[in-house]
$ cat data.cif   # mmCIF, C-alpha atoms
data_my_file
loop_
_atom_site.label_atom_id
_atom_site.label_comp_id
_atom_site.auth_asym_id
_atom_site.auth_seq_id
_atom_site.Cartn_x
_atom_site.Cartn_y
_atom_site.Cartn_z
CA ASN A 1 -14.07 6.17 132.10
CA TRP A 2 -11.30 7.33 129.85
CA TYR A 3 -11.12 6.25 126.25
CA PHE A 4 -7.96 6.59 124.26
CA PHE A 5 -7.95 6.84 120.51
CA PHE A 6 -4.96 6.83 118.24
CA ARG A 7 -4.35 6.65 114.53
CA LEU A 8 -2.46 3.73 113.11
CA GLU A 9 -0.03 6.08 111.41
CA ASP A 10 0.89 7.53 114.82
CA LEU A 11 2.59 4.28 115.79
CA PRO A 12 6.40 4.11 115.55
CA ASP A 13 7.92 2.25 112.62
CA GLU A 14 8.98 -0.69 114.78
CA ILE A 15 5.40 -1.37 115.89
CA LEU A 16 4.01 -0.84 112.41
CA LEU A 17 6.46 -3.38 111.00
CA MET A 18 5.40 -5.94 113.59
CA ILE A 19 1.80 -5.48 112.40
CA LEU A 20 2.62 -5.43 108.67
CA GLN A 21 4.59 -8.68 108.92
CA HIS A 22 1.26 -10.47 109.45
CA CYS A 23 0.00 -9.26 106.06
CA PRO A 24 0.74 -11.19 102.84
CA LEU A 25 3.13 -9.44 100.50
CA PRO A 26 0.54 -9.17 97.66
CA GLU A 27 -1.77 -7.26 100.00
CA LEU A 28 1.08 -5.00 101.09
CA LEU A 29 2.06 -4.20 97.49
CA GLN A 30 -1.42 -3.94 95.98
CA SER A 31 -3.34 -2.16 98.74
CA ILE A 32 -1.59 -1.13 101.94
CA ASN A 33 1.29 0.71 100.27
CA ARG A 34 -1.30 3.10 98.80
CA VAL A 35 -2.60 4.25 102.17
CA CYS A 36 0.01 6.98 102.54
CA LYS A 37 3.55 7.89 101.56
CA ARG A 38 4.93 6.63 104.88
CA PHE A 39 3.40 3.18 104.43
CA HIS A 40 4.70 3.03 100.85
CA THR A 41 8.24 3.90 101.95
CA LEU A 42 8.13 1.49 104.87
CA ILE A 43 7.02 -1.43 102.70
CA GLU A 44 9.54 -0.68 99.96
CA ASN A 45 12.51 -0.32 102.31
CA SER A 46 11.81 -3.01 104.93
CA THR A 47 13.31 -6.30 103.77
CA CYS A 48 11.62 -8.20 106.61
CA LEU A 49 8.32 -7.80 104.71
CA TRP A 50 9.73 -9.47 101.58
CA LYS A 51 10.42 -12.96 102.95
CA TYR A 52 7.62 -14.63 100.99
CA PHE A 53 7.31 -13.48 97.39
CA GLU A 54 4.26 -15.45 96.32
CA PHE A 55 1.12 -14.31 94.51
CA ASP A 56 -2.23 -16.04 93.91
CA ILE A 57 -2.60 -14.31 90.55
CA PRO A 58 -0.26 -14.76 87.55
CA LEU A 59 2.57 -12.26 87.39
CA SER A 60 4.18 -10.77 84.30
CA LEU A 61 7.45 -9.02 85.09
CA ASP A 62 9.60 -6.92 82.78
CA PRO A 63 13.34 -6.46 83.51
CA PRO A 64 12.95 -3.25 85.57
CA SER A 65 10.23 -4.89 87.70
CA LEU A 66 12.37 -7.97 88.34
CA GLN A 67 15.33 -5.77 89.27
CA ARG A 68 13.10 -4.05 91.80
CA VAL A 69 12.21 -7.42 93.32
CA LEU A 70 15.73 -8.84 93.29
CA THR A 71 17.61 -6.14 95.13
CA PRO A 72 20.59 -7.48 97.13
CA ALA A 73 18.92 -6.75 100.49
CA ARG A 74 15.67 -8.50 99.51
CA ILE A 75 17.42 -11.48 97.96
CA ARG A 76 19.28 -12.21 101.18
CA ASN A 77 16.00 -12.19 103.11
CA PHE A 78 13.85 -14.38 100.83
CA ARG A 79 12.40 -17.60 102.23
CA ARG A 80 9.99 -18.34 99.37
CA LEU A 81 10.35 -17.00 95.82
CA CYS A 82 7.64 -17.97 93.34
CA LEU A 83 7.91 -16.74 89.75
CA PRO A 84 5.84 -19.29 87.74
CA GLU A 85 5.45 -18.09 84.14
CA ALA A 86 6.33 -14.57 85.35
CA LEU A 87 9.09 -14.04 82.77
CA PHE A 88 7.06 -15.04 79.72
CA GLY A 89 8.70 -13.97 76.48
CA TRP A 90 12.15 -13.48 78.01
CA SER A 91 15.13 -15.03 76.22
CA ALA A 92 17.38 -17.51 78.05
CA PRO A 93 20.32 -15.04 78.23
CA GLN A 94 18.03 -12.40 79.78
CA VAL A 95 16.71 -14.85 82.36
CA ASP A 96 20.16 -16.21 83.23
CA PHE A 97 21.61 -12.73 83.62
CA HIS A 98 18.93 -11.61 86.09
CA LEU A 99 18.49 -14.84 88.05
CA PHE A 100 22.17 -15.54 88.57
CA ARG A 101 22.04 -13.05 91.44
CA LEU A 102 20.02 -15.66 93.35
CA PHE A 103 23.37 -17.01 94.54
CA GLU A 104 22.91 -14.44 97.34
CA ALA A 105 19.58 -15.98 98.43
CA THR A 106 21.22 -18.08 101.13
CA ASN A 107 18.05 -18.22 103.28
CA LEU A 108 15.80 -19.41 100.45
CA SER A 109 13.91 -22.64 101.15
CA PHE A 110 11.30 -22.65 98.33
CA LEU A 111 11.94 -21.69 94.69
CA ASP A 112 9.36 -21.96 91.90
CA LEU A 113 10.60 -21.18 88.37
CA THR A 114 7.87 -23.04 86.44
CA GLY A 115 7.87 -22.32 82.72
CA ILE A 116 10.80 -19.90 82.80
CA ALA A 117 13.42 -20.02 80.02
CA ILE A 118 16.34 -20.41 82.41
CA SER A 119 19.33 -22.32 81.02
CA SER A 120 21.81 -22.15 83.91
CA LEU A 121 21.42 -23.28 87.52
CA ALA A 122 24.90 -22.16 88.54
CA PHE A 123 23.46 -20.36 91.57
CA LEU A 124 22.04 -23.53 93.15
CA PRO A 125 25.17 -24.68 95.03
CA TYR A 126 24.95 -21.48 97.08
CA LEU A 127 21.39 -22.22 98.27
CA SER A 128 22.29 -24.46 101.18
CA ASP A 129 18.81 -24.18 102.81
CA LEU A 130 16.77 -24.92 99.68
CA GLU A 131 14.12 -27.60 100.34
CA VAL A 132 11.71 -27.32 97.38
CA LEU A 133 12.73 -26.64 93.76
CA ILE A 134 10.15 -26.42 90.96
CA LEU A 135 11.48 -26.41 87.40
CA ASP A 136 8.47 -27.89 85.58
CA SER A 137 8.23 -26.95 81.89
CA CYS A 138 11.50 -25.01 81.86
CA PRO A 139 12.40 -25.55 78.19
CA HIS A 140 16.19 -25.19 78.49
CA ILE A 141 16.88 -27.38 81.54
CA ARG A 142 19.13 -30.24 80.44
CA ASP A 143 21.09 -33.16 81.88
CA SER A 144 24.11 -31.01 82.74
CA ASP A 145 21.98 -28.93 85.14
CA ILE A 146 21.31 -31.93 87.40
CA VAL A 147 24.87 -31.69 88.74
CA ALA A 148 24.02 -28.31 90.29
CA ILE A 149 20.87 -29.77 91.87
CA GLN A 150 22.98 -32.42 93.59
CA GLU A 151 24.77 -29.61 95.46
CA CYS A 152 21.62 -28.72 97.47
CA PRO A 153 22.15 -30.69 100.71
CA LYS A 154 18.67 -30.09 102.18
CA LEU A 155 16.57 -30.52 99.04
CA LEU A 156 13.42 -32.52 99.83
CA GLN A 157 11.23 -32.01 96.76
CA LEU A 158 12.22 -31.67 93.10
CA TYR A 159 9.71 -31.01 90.31
CA ILE A 160 11.36 -31.24 86.91
CA GLY A 161 8.65 -32.55 84.59
CA PHE A 162 8.44 -31.77 80.88
CA THR A 163 12.02 -30.57 80.53
CA LYS A 164 14.87 -31.89 78.34
CA VAL A 165 16.32 -33.96 81.17
CA THR A 166 16.82 -37.68 80.50
CA PRO A 167 16.71 -40.56 83.04
CA ALA A 168 20.49 -41.12 83.28
CA PRO A 169 21.49 -38.06 85.35
CA LEU A 170 18.47 -38.46 87.61
CA THR A 171 19.75 -41.91 88.49
CA ALA A 172 23.32 -40.77 89.03
CA ALA A 173 23.11 -37.35 90.64
CA LEU A 174 20.28 -36.66 93.08
CA PRO A 175 20.84 -35.44 96.65
CA GLU A 176 20.33 -38.10 99.32
CA SER A 177 17.95 -35.79 101.19
CA LEU A 178 15.37 -35.98 98.37
CA VAL A 179 12.02 -37.63 99.21
CA THR A 180 9.81 -36.37 96.34
CA LEU A 181 10.73 -36.47 92.65
CA GLU A 182 8.16 -35.39 90.07
CA CYS A 183 9.46 -35.88 86.54
CA SER A 184 6.42 -36.46 84.35
CA GLY A 185 7.35 -36.28 80.70
CA VAL A 186 10.83 -37.69 81.37
CA VAL A 187 10.34 -41.06 79.70
CA PHE A 188 11.93 -44.04 81.48
CA SER A 189 12.33 -47.58 80.30
CA GLU A 190 11.44 -50.23 82.86
CA LEU A 191 15.15 -50.96 83.40
CA GLU A 192 15.92 -47.25 83.92
CA LEU A 193 13.12 -46.96 86.47
CA HIS A 194 14.47 -49.98 88.37
CA SER A 195 17.92 -48.36 88.38
CA LEU A 196 16.52 -45.09 89.71
CA LEU A 197 14.62 -46.77 92.54
CA LEU A 198 17.59 -48.92 93.52
CA ALA A 199 19.95 -45.93 93.51
CA HIS A 200 17.56 -43.73 95.50
CA SER A 201 15.73 -45.94 97.96
CA HIS A 202 15.17 -42.84 100.11
CA LEU A 203 12.51 -41.58 97.65
CA LEU A 204 9.01 -41.69 99.15
CA PHE A 205 7.08 -40.20 96.21
CA LEU A 206 7.99 -40.61 92.56
CA THR A 207 6.10 -39.60 89.41
CA VAL A 208 7.50 -40.71 86.04
CA SER A 209 6.52 -41.56 82.48
CA LEU A 210 7.16 -45.15 81.36
CA ASP A 211 7.73 -46.21 77.74
CA THR A 212 5.48 -49.25 77.83
CA LEU A 213 1.82 -50.16 77.79
CA LEU A 214 2.41 -53.07 80.17
CA ASP A 215 0.62 -53.11 83.50
CA PRO A 216 2.84 -51.16 85.95
CA GLN A 217 1.28 -52.77 89.03
CA PRO A 218 4.00 -55.47 89.48
CA LEU A 219 6.60 -52.71 89.37
CA ILE A 220 4.68 -50.67 91.95
CA SER A 221 4.35 -53.71 94.21
CA ARG A 222 8.08 -54.37 94.08
CA TYR A 223 8.85 -51.03 95.78
CA PRO A 224 6.29 -50.71 98.61
CA ASN A 225 8.22 -47.96 100.40
CA THR A 226 7.86 -45.56 97.46
CA THR A 227 4.52 -44.16 96.31
CA LEU A 228 4.77 -44.51 92.53
CA SER A 229 2.67 -42.60 90.01
CA ILE A 230 3.36 -43.92 86.52
CA PHE A 231 2.11 -42.48 83.24
CA ARG A 232 2.45 -45.00 80.46
CA VAL A 233 3.76 -43.74 77.12
CA HIS A 234 3.79 -46.03 74.07
CA ILE A 235 6.77 -45.34 71.82
CA GLU A 236 6.84 -46.96 68.40
#
$ encode --input "data.cif" --output "structure tokens"
Amino acid sequence: NWYFFFRLEDLPDEILLMILQHCPLPELLQSINRVCKRFHTLIENSTCLWKYFEFDIPLSLDPPSLQRVLTPARIRNFRRLCLPEALFGWSAPQVDFHLFRLFEATNLSFLDLTGIAISSLAFLPYLSDLEVLILDSCPHIRDSDIVAIQECPKLLQLYIGFTKVTPAPLTAALPESLVTLECSGVVFSELELHSLLLAHSHLLFLTVSLDTLLDPQPLISRYPNTTLSIFRVHIE
């Protein structure tokens, strides 16, 4: 019997890339790229390995680190980009300057910018494949930004809780593809909530804050096709 042995590093780059694509990006960047110089170079230069930028641990990125992530070649290959709280301490102009280049992320389907001080969503109309957008706790998101969100034709889920958005633009300017809207902390009156549900009957899941202590159950029963989660807020 003959037994053949080979070292992993003896494989050609094409085969190695096929193997490495089955590894999560955090593992590639935190462990595998330290195996040898060839692996490090291959991981850094192969955009096919950067489709899913998502980490289980909190990230803290400075401008040079974010520039390294958002190279033109990588941006065009992203499918998921998750940066929750990753730009802590950045000013809004800094964030807007660096994230505007996302207009090149035309293959992006999932974007998580939770807690980031972004103040412009001008890149959104270019993201024609975007399905999930998370903007929870972004302190500078305002009513005028909802117009850009309307330009995402495939958007299915929008999370925009605890921002400075008010009910009016959510009623007037949401994409018809949307099925999930999470806007906790955006305080609706009962009339505003009725208007939202009538304008967007395609919504299947809706989370809002309501400015009343009245029992919301009659309201929930009136719209059986939408799963409503209502947080009651009493305003004097």
$ closest_residue --input "data.cif" --among "A:His200, A:Lys51, A:Arg38, A:Arg74" --to "Thr180 (chain A)" --atoms "all atoms listed in the file"
A:His200
$ residues_near_point --input "data.cif" --point "(7.1, -19.0, 82.5)" --cutoff "9 Å" --atoms "only C-alpha atoms" --output "NGL selection string"
:A and (60 or 83-90 or 113-117 or 137-138)
$ residues_around --input "data.cif" --residues "Phe78 (chain A)" --least-positions-apart "6" --cutoff "8 Å" --atoms "only C-alpha atoms" --output "PyMOL selection string"
chain A and resi 50-53+105+107-108
$ resolve_selection --input "data.cif" --expression "the PyMOL selection byres ((chain A and resi 157) around 9)" --output "PyMOL selection string"
chain A and resi 131-134+155-156+158-159+177-182
$ closest_residue --input "data.cif" --among "A:Leu170, A:Ser195, A:Val208, A:Val165" --to "Cys183 (chain A)" --atoms "only C-alpha atoms"
A:Val208
$ atom_distance --input "data.cif" --atom1 "CA of Ala92 (chain A)" --atom2 "CA of Ser119 (chain A)"
6.0 Å
$ residues_around --input "data.cif" --residues "Arg232 (chain A)" --least-positions-apart "4" --cutoff "7 Å" --atoms "all atoms listed in the file" --output "ChimeraX atom specification"
/A:209-213
$ resolve_selection --input "data.cif" --expression "the PyMOL selection byres ((chain A and resi 14-20) around 9)" --output "VMD selection string"
chain A and resid 8 to 9 11 to 13 21 to 24 28 39 42 to 43 46 48 to 49
$ resolve_selection --input "data.cif" --expression "the PyMOL selection byres ((chain A and resi 194) around 12)" --output "list in words"
Pro167, Ala168, Thr171, Phe188, Ser189, Glu190, Leu191, Glu192, Leu193, Ser195, Leu196, Leu197, Leu198, Ala199, His200, Ser201, Val208, Leu210, Pro216, Pro218, Leu219, Ile220, Arg222, Tyr223 and Leu228 of chain A
$ decode --input "data.cif" --residues "region 198-228 of chain A" --atoms "N, CA and C atoms" --output "PDB file, in the first residue's frame"
ATOM      1  N   LEU A 198     -52.246  51.524   7.828  1.00  0.00           N
ATOM      2  CA  LEU A 198     -53.066  51.625   6.623  1.00  0.00           C
ATOM      3  C   LEU A 198     -52.207  51.887   5.385  1.00  0.00           C
ATOM      4  N   ALA A 199     -51.158  52.694   5.568  1.00  0.00           N
ATOM      5  CA  ALA A 199     -50.292  53.030   4.434  1.00  0.00           C
ATOM      6  C   ALA A 199     -49.383  51.875   4.039  1.00  0.00           C
ATOM      7  N   HIS A 200     -49.082  50.998   5.013  1.00  0.00           N
ATOM      8  CA  HIS A 200     -48.133  49.906   4.758  1.00  0.00           C
ATOM      9  C   HIS A 200     -48.734  48.579   5.231  1.00  0.00           C
ATOM     10  N   SER A 201     -49.767  48.173   4.565  1.00  0.00           N
ATOM     11  CA  SER A 201     -50.433  46.911   4.915  1.00  0.00           C
ATOM     12  C   SER A 201     -49.556  45.705   4.640  1.00  0.00           C
ATOM     13  N   HIS A 202     -48.449  45.902   3.917  1.00  0.00           N
ATOM     14  CA  HIS A 202     -47.534  44.798   3.616  1.00  0.00           C
ATOM     15  C   HIS A 202     -46.651  44.437   4.806  1.00  0.00           C
ATOM     16  N   LEU A 203     -46.649  45.275   5.861  1.00  0.00           N
ATOM     17  CA  LEU A 203     -45.826  44.981   7.038  1.00  0.00           C
ATOM     18  C   LEU A 203     -46.354  43.749   7.763  1.00  0.00           C
ATOM     19  N   LEU A 204     -45.443  42.817   8.065  1.00  0.00           N
ATOM     20  CA  LEU A 204     -45.814  41.615   8.815  1.00  0.00           C
ATOM     21  C   LEU A 204     -45.414  41.712  10.279  1.00  0.00           C
ATOM     22  N   PHE A 205     -44.372  42.482  10.569  1.00  0.00           N
ATOM     23  CA  PHE A 205     -43.876  42.628  11.943  1.00  0.00           C
ATOM     24  C   PHE A 205     -43.576  44.100  12.196  1.00  0.00           C
ATOM     25  N   LEU A 206     -44.144  44.629  13.264  1.00  0.00           N
ATOM     26  CA  LEU A 206     -43.979  46.044  13.577  1.00  0.00           C
ATOM     27  C   LEU A 206     -43.797  46.212  15.079  1.00  0.00           C
ATOM     28  N   THR A 207     -42.748  46.933  15.464  1.00  0.00           N
ATOM     29  CA  THR A 207     -42.497  47.258  16.863  1.00  0.00           C
ATOM     30  C   THR A 207     -42.437  48.769  17.001  1.00  0.00           C
ATOM     31  N   VAL A 208     -43.291  49.338  17.862  1.00  0.00           N
ATOM     32  CA  VAL A 208     -43.351  50.791  18.029  1.00  0.00           C
ATOM     33  C   VAL A 208     -43.543  51.125  19.505  1.00  0.00           C
ATOM     34  N   SER A 209     -43.380  52.418  19.808  1.00  0.00           N
ATOM     35  CA  SER A 209     -43.748  52.951  21.116  1.00  0.00           C
ATOM     36  C   SER A 209     -45.004  53.795  20.938  1.00  0.00           C
ATOM     37  N   LEU A 210     -45.952  53.663  21.870  1.00  0.00           N
ATOM     38  CA  LEU A 210     -47.244  54.339  21.769  1.00  0.00           C
ATOM     39  C   LEU A 210     -47.408  55.285  22.954  1.00  0.00           C
ATOM     40  N   ASP A 211     -47.896  56.507  22.687  1.00  0.00           N
ATOM     41  CA  ASP A 211     -47.959  57.540  23.727  1.00  0.00           C
ATOM     42  C   ASP A 211     -49.245  57.470  24.534  1.00  0.00           C
ATOM     43  N   THR A 212     -49.585  56.294  25.003  1.00  0.00           N
ATOM     44  CA  THR A 212     -50.804  56.143  25.792  1.00  0.00           C
ATOM     45  C   THR A 212     -50.662  54.970  26.738  1.00  0.00           C
ATOM     46  N   LEU A 213     -51.390  55.021  27.824  1.00  0.00           N
ATOM     47  CA  LEU A 213     -51.418  53.894  28.757  1.00  0.00           C
ATOM     48  C   LEU A 213     -52.641  53.013  28.531  1.00  0.00           C
ATOM     49  N   LEU A 214     -53.414  53.311  27.491  1.00  0.00           N
ATOM     50  CA  LEU A 214     -54.595  52.516  27.190  1.00  0.00           C
ATOM     51  C   LEU A 214     -54.192  51.115  26.745  1.00  0.00           C
ATOM     52  N   ASP A 215     -55.098  50.184  26.910  1.00  0.00           N
ATOM     53  CA  ASP A 215     -54.843  48.803  26.495  1.00  0.00           C
ATOM     54  C   ASP A 215     -54.690  48.741  24.979  1.00  0.00           C
ATOM     55  N   PRO A 216     -53.539  48.276  24.460  1.00  0.00           N
ATOM     56  CA  PRO A 216     -53.343  48.242  23.011  1.00  0.00           C
ATOM     57  C   PRO A 216     -54.004  47.047  22.325  1.00  0.00           C
ATOM     58  N   GLN A 217     -54.616  46.151  23.089  1.00  0.00           N
ATOM     59  CA  GLN A 217     -55.139  44.924  22.498  1.00  0.00           C
ATOM     60  C   GLN A 217     -56.185  45.174  21.403  1.00  0.00           C
ATOM     61  N   PRO A 218     -57.136  46.112  21.572  1.00  0.00           N
ATOM     62  CA  PRO A 218     -58.070  46.382  20.461  1.00  0.00           C
ATOM     63  C   PRO A 218     -57.357  46.816  19.184  1.00  0.00           C
ATOM     64  N   LEU A 219     -56.300  47.588  19.341  1.00  0.00           N
ATOM     65  CA  LEU A 219     -55.526  48.021  18.177  1.00  0.00           C
ATOM     66  C   LEU A 219     -54.846  46.831  17.512  1.00  0.00           C
ATOM     67  N   ILE A 220     -54.290  45.946  18.318  1.00  0.00           N
ATOM     68  CA  ILE A 220     -53.627  44.749  17.785  1.00  0.00           C
ATOM     69  C   ILE A 220     -54.623  43.859  17.058  1.00  0.00           C
ATOM     70  N   SER A 221     -55.830  43.746  17.620  1.00  0.00           N
ATOM     71  CA  SER A 221     -56.851  42.882  17.022  1.00  0.00           C
ATOM     72  C   SER A 221     -57.360  43.445  15.689  1.00  0.00           C
ATOM     73  N   ARG A 222     -57.265  44.731  15.522  1.00  0.00           N
ATOM     74  CA  ARG A 222     -57.782  45.361  14.303  1.00  0.00           C
ATOM     75  C   ARG A 222     -56.904  45.042  13.088  1.00  0.00           C
ATOM     76  N   TYR A 223     -55.637  44.695  13.328  1.00  0.00           N
ATOM     77  CA  TYR A 223     -54.714  44.421  12.227  1.00  0.00           C
ATOM     78  C   TYR A 223     -54.134  43.013  12.387  1.00  0.00           C
ATOM     79  N   PRO A 224     -54.927  41.985  12.129  1.00  0.00           N
ATOM     80  CA  PRO A 224     -54.492  40.605  12.399  1.00  0.00           C
ATOM     81  C   PRO A 224     -53.363  40.135  11.489  1.00  0.00           C
ATOM     82  N   ASN A 225     -53.146  40.789  10.368  1.00  0.00           N
ATOM     83  CA  ASN A 225     -52.098  40.347   9.444  1.00  0.00           C
ATOM     84  C   ASN A 225     -50.715  40.872   9.812  1.00  0.00           C
ATOM     85  N   THR A 226     -50.661  41.759  10.802  1.00  0.00           N
ATOM     86  CA  THR A 226     -49.389  42.323  11.250  1.00  0.00           C
ATOM     87  C   THR A 226     -49.150  41.938  12.700  1.00  0.00           C
ATOM     88  N   THR A 227     -47.987  41.366  12.987  1.00  0.00           N
ATOM     89  CA  THR A 227     -47.615  41.057  14.367  1.00  0.00           C
ATOM     90  C   THR A 227     -47.106  42.333  15.012  1.00  0.00           C
ATOM     91  N   LEU A 228     -47.892  42.871  15.946  1.00  0.00           N
ATOM     92  CA  LEU A 228     -47.582  44.152  16.571  1.00  0.00           C
ATOM     93  C   LEU A 228     -46.964  43.955  17.947  1.00  0.00           C
TER      94      LEU A 228
END
